[in-house]
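Structure data (compact mmCIF, C-alpha atoms and all ligand atoms) from data-v3.txt:
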```
# COMPACT_ATOMS: atom_id res chain seq x y z
CA MET A 1 0.00 0.00 0.00
CA ARG A 2 1.14 3.62 -0.57
CA ILE A 3 1.73 5.18 2.85
CA ALA A 4 2.30 8.89 3.45
CA VAL A 5 4.49 9.06 6.56
CA PHE A 6 4.08 12.52 8.07
CA ASN A 7 6.35 14.22 10.60
CA THR A 8 9.23 11.95 9.60
CA LYS A 9 12.45 12.10 11.61
CA PRO A 10 15.60 10.28 10.45
CA TYR A 11 15.00 7.48 12.98
CA ASP A 12 11.45 6.91 11.63
CA ARG A 13 12.85 6.53 8.12
CA CYS A 14 15.47 4.08 9.40
CA PHE A 15 13.19 1.85 11.52
CA LEU A 16 10.13 1.88 9.22
CA GLY A 17 12.40 1.15 6.27
CA ALA A 18 13.98 -1.82 8.04
CA ALA A 19 10.57 -3.22 9.09
CA ASN A 20 9.07 -2.90 5.60
CA THR A 21 9.45 -6.54 4.61
CA ALA A 22 5.98 -6.45 2.99
CA GLY A 23 7.20 -3.91 0.44
CA HIS A 24 4.79 -1.08 1.19
CA ASP A 25 5.44 2.11 -0.75
CA LEU A 26 6.64 4.47 2.02
CA HIS A 27 6.51 8.15 1.15
CA PHE A 28 8.39 10.03 3.88
CA LEU A 29 7.27 13.60 4.46
CA GLU A 30 8.92 16.00 6.91
CA PRO A 31 5.95 18.29 7.67
CA ARG A 32 3.53 17.50 10.40
CA LEU A 33 0.03 16.55 9.19
CA ASP A 34 -2.46 19.41 9.42
CA ALA A 35 -5.01 21.15 7.20
CA ALA A 36 -2.27 22.73 5.05
CA THR A 37 -0.30 19.53 4.46
CA ALA A 38 -3.17 16.99 4.21
CA PRO A 39 -3.38 17.34 0.38
CA LEU A 40 0.12 15.78 0.20
CA ALA A 41 -1.53 12.45 1.12
CA ALA A 42 -3.68 12.37 -2.04
CA GLY A 43 -3.41 8.96 -3.67
CA HIS A 44 -2.07 7.24 -0.53
CA GLY A 45 -4.24 4.49 0.97
CA ALA A 46 -2.74 5.05 4.40
CA VAL A 47 -1.16 7.87 6.37
CA CYS A 48 1.21 7.26 9.26
CA VAL A 49 1.33 9.93 11.99
CA PHE A 50 2.76 10.67 15.45
CA VAL A 51 1.55 12.31 18.67
CA ASN A 52 1.52 15.94 17.52
CA ASP A 53 0.02 15.53 14.04
CA VAL A 54 -3.44 17.05 13.64
CA VAL A 55 -6.04 14.46 12.60
CA ASP A 56 -9.22 16.47 13.12
CA ALA A 57 -12.41 16.42 11.03
CA PRO A 58 -11.27 18.87 8.27
CA VAL A 59 -7.98 16.98 7.87
CA LEU A 60 -9.79 13.63 7.75
CA GLU A 61 -12.18 14.99 5.09
CA THR A 62 -9.22 15.98 2.91
CA LEU A 63 -7.57 12.61 3.49
CA ALA A 64 -10.74 10.66 2.67
CA ALA A 65 -11.34 12.74 -0.48
CA GLY A 66 -7.80 11.86 -1.57
CA GLY A 67 -8.41 8.11 -1.15
CA THR A 68 -6.95 7.49 2.32
CA ARG A 69 -8.70 4.69 4.19
CA LEU A 70 -6.32 4.11 7.12
CA VAL A 71 -4.67 6.35 9.70
CA ALA A 72 -1.82 4.45 11.41
CA LEU A 73 -0.58 6.11 14.61
CA ARG A 74 3.01 5.17 15.42
CA CYS A 75 2.29 5.70 19.13
CA ALA A 76 -0.18 4.53 21.79
CA GLY A 77 -2.14 7.74 22.42
CA PHE A 78 -4.80 8.96 19.99
CA ASN A 79 -6.12 12.16 21.58
CA ASN A 80 -5.14 14.01 18.37
CA VAL A 81 -7.64 12.02 16.22
CA ASP A 82 -11.33 12.86 15.73
CA LEU A 83 -12.59 9.27 15.90
CA THR A 84 -16.20 10.24 15.22
CA ALA A 85 -15.24 11.96 11.98
CA ALA A 86 -13.01 9.03 11.02
CA ARG A 87 -15.89 6.60 11.51
CA ARG A 88 -18.28 8.81 9.50
CA LEU A 89 -15.78 9.00 6.63
CA GLY A 90 -14.97 5.27 6.65
CA VAL A 91 -11.35 5.82 7.71
CA ASP A 92 -9.95 3.17 10.08
CA VAL A 93 -7.59 4.26 12.85
CA VAL A 94 -4.93 1.95 14.31
CA ARG A 95 -2.25 2.53 16.94
CA VAL A 96 0.59 0.74 18.75
CA PRO A 97 -0.91 -0.02 22.16
CA ALA A 98 2.26 -1.38 23.73
CA TYR A 99 5.82 -1.30 22.52
CA SER A 100 8.63 -1.56 25.04
CA PRO A 101 7.65 -0.89 28.66
CA HIS A 102 11.30 -1.61 29.56
CA ALA A 103 12.36 1.43 27.52
CA VAL A 104 10.26 3.79 29.65
CA ALA A 105 10.89 2.01 32.96
CA GLU A 106 14.67 2.07 32.52
CA PHE A 107 14.62 5.74 31.53
CA THR A 108 12.56 6.51 34.64
CA ILE A 109 15.19 4.99 36.91
CA GLY A 110 17.85 6.85 34.93
CA LEU A 111 16.11 10.20 35.52
CA MET A 112 15.70 9.40 39.22
CA LEU A 113 19.41 8.73 39.65
CA ALA A 114 20.47 11.60 37.41
CA VAL A 115 18.53 14.28 39.29
CA ASP A 116 19.20 12.81 42.74
CA ARG A 117 22.96 12.46 42.22
CA HIS A 118 23.24 15.68 40.14
CA ILE A 119 24.80 13.85 37.20
CA PRO A 120 23.97 16.48 34.50
CA ARG A 121 25.32 19.28 36.73
CA ALA A 122 28.44 17.27 37.50
CA TRP A 123 29.09 16.64 33.80
CA ALA A 124 28.65 20.33 33.01
CA ARG A 125 31.19 21.19 35.74
CA VAL A 126 33.76 18.63 34.60
CA ARG A 127 33.54 19.91 31.02
CA ASP A 128 34.46 23.30 32.47
CA ASN A 129 37.38 21.79 34.41
CA ASN A 130 35.47 22.50 37.62
CA PHE A 131 36.05 19.45 39.80
CA ALA A 132 34.59 20.90 43.01
CA LEU A 133 31.95 18.68 44.65
CA GLU A 134 30.17 21.36 46.66
CA GLY A 135 26.44 21.24 45.92
CA LEU A 136 26.52 17.73 44.44
CA ILE A 137 25.59 15.75 47.55
CA GLY A 138 22.91 13.17 46.77
CA ARG A 139 21.07 10.46 48.68
CA ASN A 140 21.14 6.67 48.46
CA LEU A 141 18.09 5.15 46.80
CA HIS A 142 18.53 2.14 49.06
CA GLY A 143 16.08 2.25 51.95
CA ARG A 144 14.09 5.22 50.67
CA THR A 145 10.32 5.17 50.36
CA VAL A 146 9.19 5.44 46.74
CA GLY A 147 5.55 5.77 45.69
CA VAL A 148 4.61 4.33 42.30
CA VAL A 149 1.30 5.67 40.98
CA GLY A 150 0.01 3.22 38.36
CA THR A 151 1.48 -0.28 38.34
CA GLY A 152 0.61 -1.36 34.81
CA LYS A 153 3.23 -2.49 32.31
CA ILE A 154 5.71 0.34 33.00
CA GLY A 155 4.97 1.05 36.67
CA ALA A 156 5.32 -2.64 37.58
CA LEU A 157 8.80 -2.78 36.05
CA VAL A 158 9.82 0.38 37.91
CA ALA A 159 8.41 -0.93 41.22
CA ARG A 160 10.16 -4.28 40.76
CA SER A 161 13.49 -2.66 39.94
CA LEU A 162 13.30 -0.27 42.91
CA ARG A 163 12.25 -3.02 45.29
CA LEU A 164 14.53 -5.88 44.20
CA GLY A 165 17.38 -3.94 42.61
CA PHE A 166 17.78 -0.95 44.92
CA GLY A 167 16.16 -2.19 48.14
CA CYS A 168 13.63 0.63 48.39
CA GLU A 169 10.43 0.62 50.42
CA VAL A 170 7.87 0.69 47.62
CA LEU A 171 4.33 1.98 48.03
CA ALA A 172 1.92 1.67 45.13
CA ALA A 173 -1.46 3.06 44.12
CA ASP A 174 -3.55 1.48 41.39
CA LEU A 175 -7.18 0.58 40.82
CA TYR A 176 -6.03 -3.03 40.34
CA PRO A 177 -3.30 -4.18 42.76
CA ASP A 178 -0.81 -6.60 41.24
CA PRO A 179 -0.39 -9.72 43.46
CA ALA A 180 3.05 -10.40 41.94
CA LEU A 181 4.24 -7.03 43.24
CA GLU A 182 2.64 -7.60 46.64
CA ALA A 183 4.54 -10.88 46.81
CA ILE A 184 7.87 -9.01 46.64
CA GLY A 185 6.86 -6.56 49.35
CA VAL A 186 5.31 -3.71 47.38
CA ARG A 187 2.55 -2.23 49.58
CA TYR A 188 -0.63 -0.90 47.97
CA VAL A 189 -2.11 2.12 49.74
CA ALA A 190 -4.62 4.84 48.83
CA ARG A 191 -3.21 7.47 46.47
CA ASP A 192 -3.47 10.23 49.09
CA ALA A 193 -1.62 8.10 51.65
CA LEU A 194 1.08 7.37 49.06
CA LEU A 195 1.51 11.05 48.28
CA ARG A 196 1.82 11.86 52.00
CA ALA A 197 4.30 9.08 52.84
CA ALA A 198 6.64 8.91 49.85
CA GLU A 199 10.06 10.55 49.59
CA ILE A 200 9.98 9.96 45.83
CA VAL A 201 6.83 9.77 43.70
CA THR A 202 6.98 8.35 40.17
CA LEU A 203 3.93 8.61 37.90
CA HIS A 204 2.88 5.76 35.59
CA CYS A 205 -0.91 6.03 35.37
CA PRO A 206 -2.70 7.25 32.23
CA LEU A 207 -4.10 10.76 31.92
CA THR A 208 -7.81 10.61 32.74
CA PRO A 209 -10.21 13.08 34.37
CA ASP A 210 -9.36 11.36 37.68
CA THR A 211 -5.61 11.72 37.30
CA ARG A 212 -5.35 15.18 35.68
CA HIS A 213 -3.29 17.38 38.04
CA LEU A 214 -2.99 14.61 40.62
CA ILE A 215 0.10 16.50 41.72
CA ASP A 216 -1.47 19.85 42.58
CA ALA A 217 -1.02 22.48 45.29
CA ALA A 218 -2.89 20.37 47.88
CA ALA A 219 -0.82 17.25 47.15
CA ILE A 220 2.40 19.25 47.41
CA GLU A 221 1.24 20.84 50.66
CA ALA A 222 0.48 17.41 52.15
CA ALA A 223 3.70 15.78 50.88
CA ARG A 224 6.88 15.20 52.83
CA ASP A 225 9.41 18.00 52.79
CA GLY A 226 11.95 17.52 50.01
CA LEU A 227 9.73 15.26 47.88
CA MET A 228 11.20 14.14 44.56
CA ILE A 229 8.72 13.91 41.68
CA VAL A 230 9.41 11.91 38.51
CA ASN A 231 7.00 11.98 35.57
CA THR A 232 7.52 9.92 32.42
CA SER A 233 3.79 9.38 31.82
CA ARG A 234 1.79 12.43 30.70
CA GLY A 235 2.51 16.10 31.43
CA ALA A 236 -0.96 17.04 32.65
CA LEU A 237 -0.70 14.67 35.61
CA ILE A 238 1.11 17.61 37.21
CA ASP A 239 -0.18 21.15 37.71
CA THR A 240 2.91 22.97 36.49
CA ALA A 241 2.06 26.25 38.23
CA ALA A 242 1.73 24.43 41.58
CA LEU A 243 4.97 22.57 40.91
CA ILE A 244 6.83 25.84 40.36
CA GLU A 245 5.38 27.30 43.56
CA GLY A 246 6.41 24.14 45.45
CA LEU A 247 9.94 24.46 44.10
CA LYS A 248 10.15 28.17 44.95
CA ALA A 249 8.92 27.42 48.49
CA ARG A 250 11.62 24.70 48.75
CA ARG A 251 8.94 22.15 49.63
CA ILE A 252 9.91 20.02 46.61
CA GLY A 253 13.42 18.62 46.66
CA ALA A 254 13.85 17.53 43.05
CA VAL A 255 11.87 17.09 39.84
CA ALA A 256 12.59 14.98 36.76
CA LEU A 257 10.22 15.26 33.81
CA ASP A 258 10.16 13.57 30.42
CA VAL A 259 6.72 14.99 29.68
CA TYR A 260 5.24 18.46 30.10
CA GLU A 261 1.68 19.72 30.06
CA GLN A 262 2.19 22.07 27.07
CA GLU A 263 4.79 19.94 25.31
CA ALA A 264 2.93 19.85 21.97
CA ASP A 265 4.24 23.36 21.21
CA LEU A 266 7.84 22.46 22.05
CA PHE A 267 8.95 18.86 21.96
CA PHE A 268 10.37 16.88 19.02
CA GLU A 269 11.60 20.04 17.22
CA ASP A 270 14.92 21.90 17.25
CA LEU A 271 13.95 25.31 18.65
CA SER A 272 17.51 26.30 19.56
CA ASN A 273 17.32 29.33 17.23
CA GLU A 274 13.84 30.36 18.35
CA ILE A 275 12.43 32.49 21.14
CA VAL A 276 10.43 30.12 23.35
CA SER A 277 7.42 31.99 24.68
CA ASP A 278 6.27 29.44 27.27
CA ASP A 279 7.27 31.25 30.48
CA GLN A 280 6.30 28.35 32.75
CA PHE A 281 8.57 25.98 30.86
CA GLN A 282 11.41 28.49 30.88
CA ARG A 283 10.97 29.01 34.66
CA LEU A 284 11.19 25.26 35.24
CA LEU A 285 14.55 25.19 33.49
CA THR A 286 16.02 27.74 35.92
CA PHE A 287 15.87 25.48 38.99
CA PRO A 288 19.11 23.62 39.80
CA ASN A 289 17.08 20.64 41.09
CA VAL A 290 14.93 20.17 37.97
CA LEU A 291 15.82 17.90 35.05
CA VAL A 292 13.73 17.89 31.87
CA THR A 293 14.01 15.70 28.79
CA GLY A 294 11.88 16.02 25.66
CA HIS A 295 9.62 12.94 25.72
CA GLN A 296 12.33 10.44 24.86
CA ALA A 297 11.70 7.66 27.39
CA PHE A 298 10.38 5.44 24.57
CA LEU A 299 13.36 6.08 22.31
CA THR A 300 15.25 2.80 22.19
CA GLU A 301 16.10 0.59 19.23
CA GLU A 302 13.82 -2.10 20.64
CA ALA A 303 10.84 0.22 21.02
CA LEU A 304 11.31 1.85 17.61
CA THR A 305 11.55 -1.60 16.02
CA ALA A 306 8.35 -2.72 17.75
CA ILE A 307 6.54 0.49 16.75
CA ALA A 308 7.60 0.13 13.10
CA GLU A 309 6.74 -3.58 12.89
CA THR A 310 3.33 -3.19 14.56
CA THR A 311 2.43 -0.19 12.41
CA LEU A 312 3.32 -1.89 9.13
CA ALA A 313 1.61 -5.14 10.20
CA SER A 314 -1.58 -3.13 10.72
CA VAL A 315 -1.25 -1.66 7.22
CA SER A 316 -0.78 -5.17 5.77
CA ASP A 317 -3.89 -6.37 7.65
CA ALA A 318 -5.92 -3.45 6.30
CA GLU A 319 -4.70 -4.06 2.77
CA ALA A 320 -5.61 -7.77 2.98
CA GLY A 321 -9.01 -7.05 4.55
CA ARG A 322 -8.06 -8.86 7.76
CA PRO A 323 -9.43 -7.75 11.16
CA LEU A 324 -7.45 -4.85 12.66
CA ALA A 325 -6.17 -6.03 16.05
CA ASN A 326 -4.94 -2.55 16.98
CA ARG A 327 -7.95 -0.59 15.76
CA VAL A 328 -8.72 2.33 18.05
CA ASP A 329 -12.02 1.57 19.66
CA ALA A 330 -14.39 4.27 20.89
CA ALA A 331 -14.56 2.39 24.21
CA LEU A 332 -10.94 3.40 24.82
CA ILE A 333 -11.66 7.11 24.60
CA ALA A 334 -12.70 7.69 28.21
CA PRO A 335 -9.78 6.01 30.00
CA MET A 336 -7.13 7.22 27.55
CA ARG A 337 -8.03 10.93 27.43
P1 LIG B 1 -0.79 0.52 31.47
O1 LIG B 1 -2.14 0.73 30.90
O2 LIG B 1 -0.14 -0.82 31.34
O3 LIG B 1 -0.77 0.90 33.03
C1 LIG B 1 -1.44 2.00 33.54
C2 LIG B 1 -1.83 1.64 34.97
O4 LIG B 1 -2.41 2.79 35.58
C3 LIG B 1 -2.88 0.51 35.06
O5 LIG B 1 -2.44 -0.48 35.95
C4 LIG B 1 -4.13 1.23 35.56
O6 LIG B 1 -4.96 0.40 36.36
C5 LIG B 1 -3.50 2.35 36.37
N1 LIG B 1 -4.41 3.45 36.63
C6 LIG B 1 -5.41 3.92 35.88
N2 LIG B 1 -6.04 4.93 36.49
C7 LIG B 1 -5.41 5.10 37.68
C8 LIG B 1 -5.60 5.99 38.76
N3 LIG B 1 -6.61 6.87 38.75
N4 LIG B 1 -4.78 5.88 39.83
C9 LIG B 1 -3.79 4.96 39.86
N5 LIG B 1 -3.56 4.08 38.85
C10 LIG B 1 -4.36 4.16 37.77
O7 LIG B 1 0.11 1.66 30.78
P2 LIG B 1 1.69 1.66 30.62
O8 LIG B 1 2.05 1.02 29.33
O9 LIG B 1 2.33 1.18 31.88
O10 LIG B 1 1.95 3.23 30.44
C11 LIG B 1 1.83 4.12 31.52
C12 LIG B 1 1.87 5.54 30.97
O11 LIG B 1 3.17 5.81 30.44
C13 LIG B 1 0.91 5.75 29.81
O12 LIG B 1 -0.27 6.34 30.30
C14 LIG B 1 1.62 6.68 28.87
O13 LIG B 1 1.01 7.96 28.99
C15 LIG B 1 3.04 6.77 29.40
N6 LIG B 1 4.06 6.51 28.37
C16 LIG B 1 5.08 7.42 28.24
C17 LIG B 1 6.08 7.21 27.30
C18 LIG B 1 7.25 8.17 27.15
O14 LIG B 1 7.99 8.08 26.16
N7 LIG B 1 7.49 9.08 28.09
C19 LIG B 1 6.03 6.08 26.48
C20 LIG B 1 4.98 5.17 26.65
C21 LIG B 1 3.99 5.40 27.59
```
Produce structure tokens that represent the structure in this file.
Amino acid sequence: MRIAVFNTKPYDRCFLGAANTAGHDLHFLEPRLDAATAPLAAGHGAVCVFVNDVVDAPVLETLAAGGTRLVALRCAGFNNVDLTAARRLGVDVVRVPAYSPHAVAEFTIGLMLAVDRHIPRAWARVRDNNFALEGLIGRNLHGRTVGVVGTGKIGALVARSLRLGFGCEVLAADLYPDPALEAIGVRYVARDALLRAAEIVTLHCPLTPDTRHLIDAAAIEAARDGLMIVNTSRGALIDTAALIEGLKARRIGAVALDVYEQEADLFFEDLSNEIVSDDQFQRLLTFPNVLVTGHQAFLTEEALTAIAETTLASVSDAEAGRPLANRVDAALIAPMR
């Protein structure tokens, strides 16, 4: 099938190319999909898009008029797609529901260690021939109380690694406790109790109405002094304004973020020659105890391979008229918001 791959980065070209054993006709396009670029997909049976492409009703109408019958998301989330319009226009939508939870779990532990032991600051000093250690004192992870919010595929790996690898006290909050984690000493408690007791909180639940801003001013007020917060899940789990106030008040000890509430305007692009107008984001970067990465926890060879293979397998299924195992179902909309 002819596939218009929007928002292509060099690594997409590399991994989709390698996974294309079925011989699909991949047309790599650098622009992001939106109303202005949608006509580029004319004559392509499928389009392949990422988290920040715009797949709203007007875009879908242009795609459908040009002959597109499949939108293949090379990611798990689909909040950027108007599923009602897609259904009305007869356009199927597929995604990659799970790729490598290890990729995100390992990056989470990496962020935790990096911010706690001041590794980026130390590296910056050494590059400047500044070998002074003042200000770089960290804490052992061993023996500390870590709260894991959401113990699904990623959170379970993080909890297991902290418990068995580092010897932490691990508290967990989830709607569905995992008996395998309980068996290794992970203790499930109510989310509020977790937020009050933990020295480190790491977020691995999806963004839903119930979890939006779960770290807000009240949670920060109730938390232990010096709390470390790690978020590799979704930016809007944290109220950024409250986070900044908590940092300014020295109530929060450290923050490591791979995701940010307003990241759609920033991440995945080189803005080093631009004026960034997001004052909240710029303020976050000024704190010595904050570490931010640009939504890269998924970015491993294994995850990119799985994303490429799953995406192209879905296209092959659509072309052959087979059932679409990874079709985005309306029933998923509420929990995945
Ligand atoms: P998952 O569906 O396997 O696990 C999510 C867990 O959260 C489930 O156990 C669920 O019961 C629990 N949960 C749901 N609502 C909750 C609530 N209100 N309170 C506590 N727990 C709740 O998902 P996963 O694959 O482990 O992914 C976790 C998150 O990581 C995803 O939501 C996604 O946003 C994020 N993610 C980030 C990256 C990245 O590159 N930074 C990559 C992949 C996924």
Q) Which one of A:Arg88, A:Arg32, A:His204, A:Arg160 sits closest to A:Arg187 if you count all atoms listed in the file? A)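 So, comparing all the options, the nearest one is A:Arg160.
The two atoms in question, atom CA of A:Thr300 and atom C11 of ligand LIG 1 (chain B), are spaced 16.4 Å apart.
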Q.
Residues contacting ligand LIG 1 (chain B) - anything with an atom at most 6 Å away, using only C-alpha atoms and all ligand atoms - can you give me those as a PyMOL selection string?
A. chain A and resi 101+104+149-155+173-176+204-206+210-211+232-234+258+295-298
Q. What is the distance, in Å and to one decimal place, between atom CA of A:Val94 and atom CA of A:Gly321?
A.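 Answer for the atom CA of A:Val94 to atom CA of A:Gly321 separation: 13.9 Å.
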What's around stretch 35-50 of chain A at 6 Å? Count all atoms listed in the file, leave out sequence neighbours fewer than 2 positions away in its own chain, and write the answer as a PDB file with C-alpha atoms, in the frame of the given file.
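Result file result_16.pdb:
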```
ATOM      1  CA  ARG A   2       1.140   3.620  -0.570  1.00  0.00           C
ATOM      2  CA  ILE A   3       1.730   5.180   2.850  1.00  0.00           C
ATOM      3  CA  ALA A   4       2.300   8.890   3.450  1.00  0.00           C
ATOM      4  CA  VAL A   5       4.490   9.060   6.560  1.00  0.00           C
ATOM      5  CA  PHE A   6       4.080  12.520   8.070  1.00  0.00           C
ATOM      6  CA  LEU A  33       0.030  16.550   9.190  1.00  0.00           C
ATOM      7  CA  ASN A  52       1.520  15.940  17.520  1.00  0.00           C
ATOM      8  CA  ASP A  53       0.020  15.530  14.040  1.00  0.00           C
ATOM      9  CA  VAL A  59      -7.980  16.980   7.870  1.00  0.00           C
ATOM     10  CA  GLY A  66      -7.800  11.860  -1.570  1.00  0.00           C
ATOM     11  CA  GLY A  67      -8.410   8.110  -1.150  1.00  0.00           C
ATOM     12  CA  THR A  68      -6.950   7.490   2.320  1.00  0.00           C
ATOM     13  CA  ARG A  69      -8.700   4.690   4.190  1.00  0.00           C
ATOM     14  CA  LEU A  70      -6.320   4.110   7.120  1.00  0.00           C
ATOM     15  CA  VAL A  71      -4.670   6.350   9.700  1.00  0.00           C
ATOM     16  CA  ALA A  72      -1.820   4.450  11.410  1.00  0.00           C
ATOM     17  CA  LEU A  73      -0.580   6.110  14.610  1.00  0.00           C
ATOM     18  CA  ARG A  74       3.010   5.170  15.420  1.00  0.00           C
TER      19      ARG A  74
END
```
Q: Give the answer as one residue: which of A:Glu269, A:Leu164, A:Asp25, A:Leu60 has the shortest atom-to-atom distance to A:Lys9, using only C-alpha atoms?
A: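 Of A:Glu269, A:Leu164, A:Asp25, A:Leu60, the one nearest A:Lys9, counting only C-alpha atoms, is A:Glu269.
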Q: One decimal, Å: what's the distance from atom CA of A:Ala303 over to atom CA of A:Tyr99, could you say?
A: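 Separation of atom CA of A:Ala303 and atom CA of A:Tyr99: 5.5 Å.
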Q. Looking at A:Gln282, A:Thr305, A:Ser100, A:Asn140, which one is nearest to A:Gly17, with distances taken over only C-alpha atoms?
A. A:Thr305
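Take the candidates A:Asn20, A:Cys14, A:His27, A:Leu203 and check each one against A:Ala313 using only C-alpha atoms; the shortest distance goes to A:Asn20.
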Q: Show which residues sit within 10 Å of A:Ile119, as a PyMOL selection string. Count all atoms listed in the file, and ignore same-chain residues fewer than 6 positions away.
A: chain A and resi 111+113+125+136+138
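Minimum atom-to-atom distances from A:Glu61, A:Glu302, A:Leu207, A:Thr8 to A:Val91 were compared using all atoms listed in the file, and the lowest value belongs to A:Glu61.
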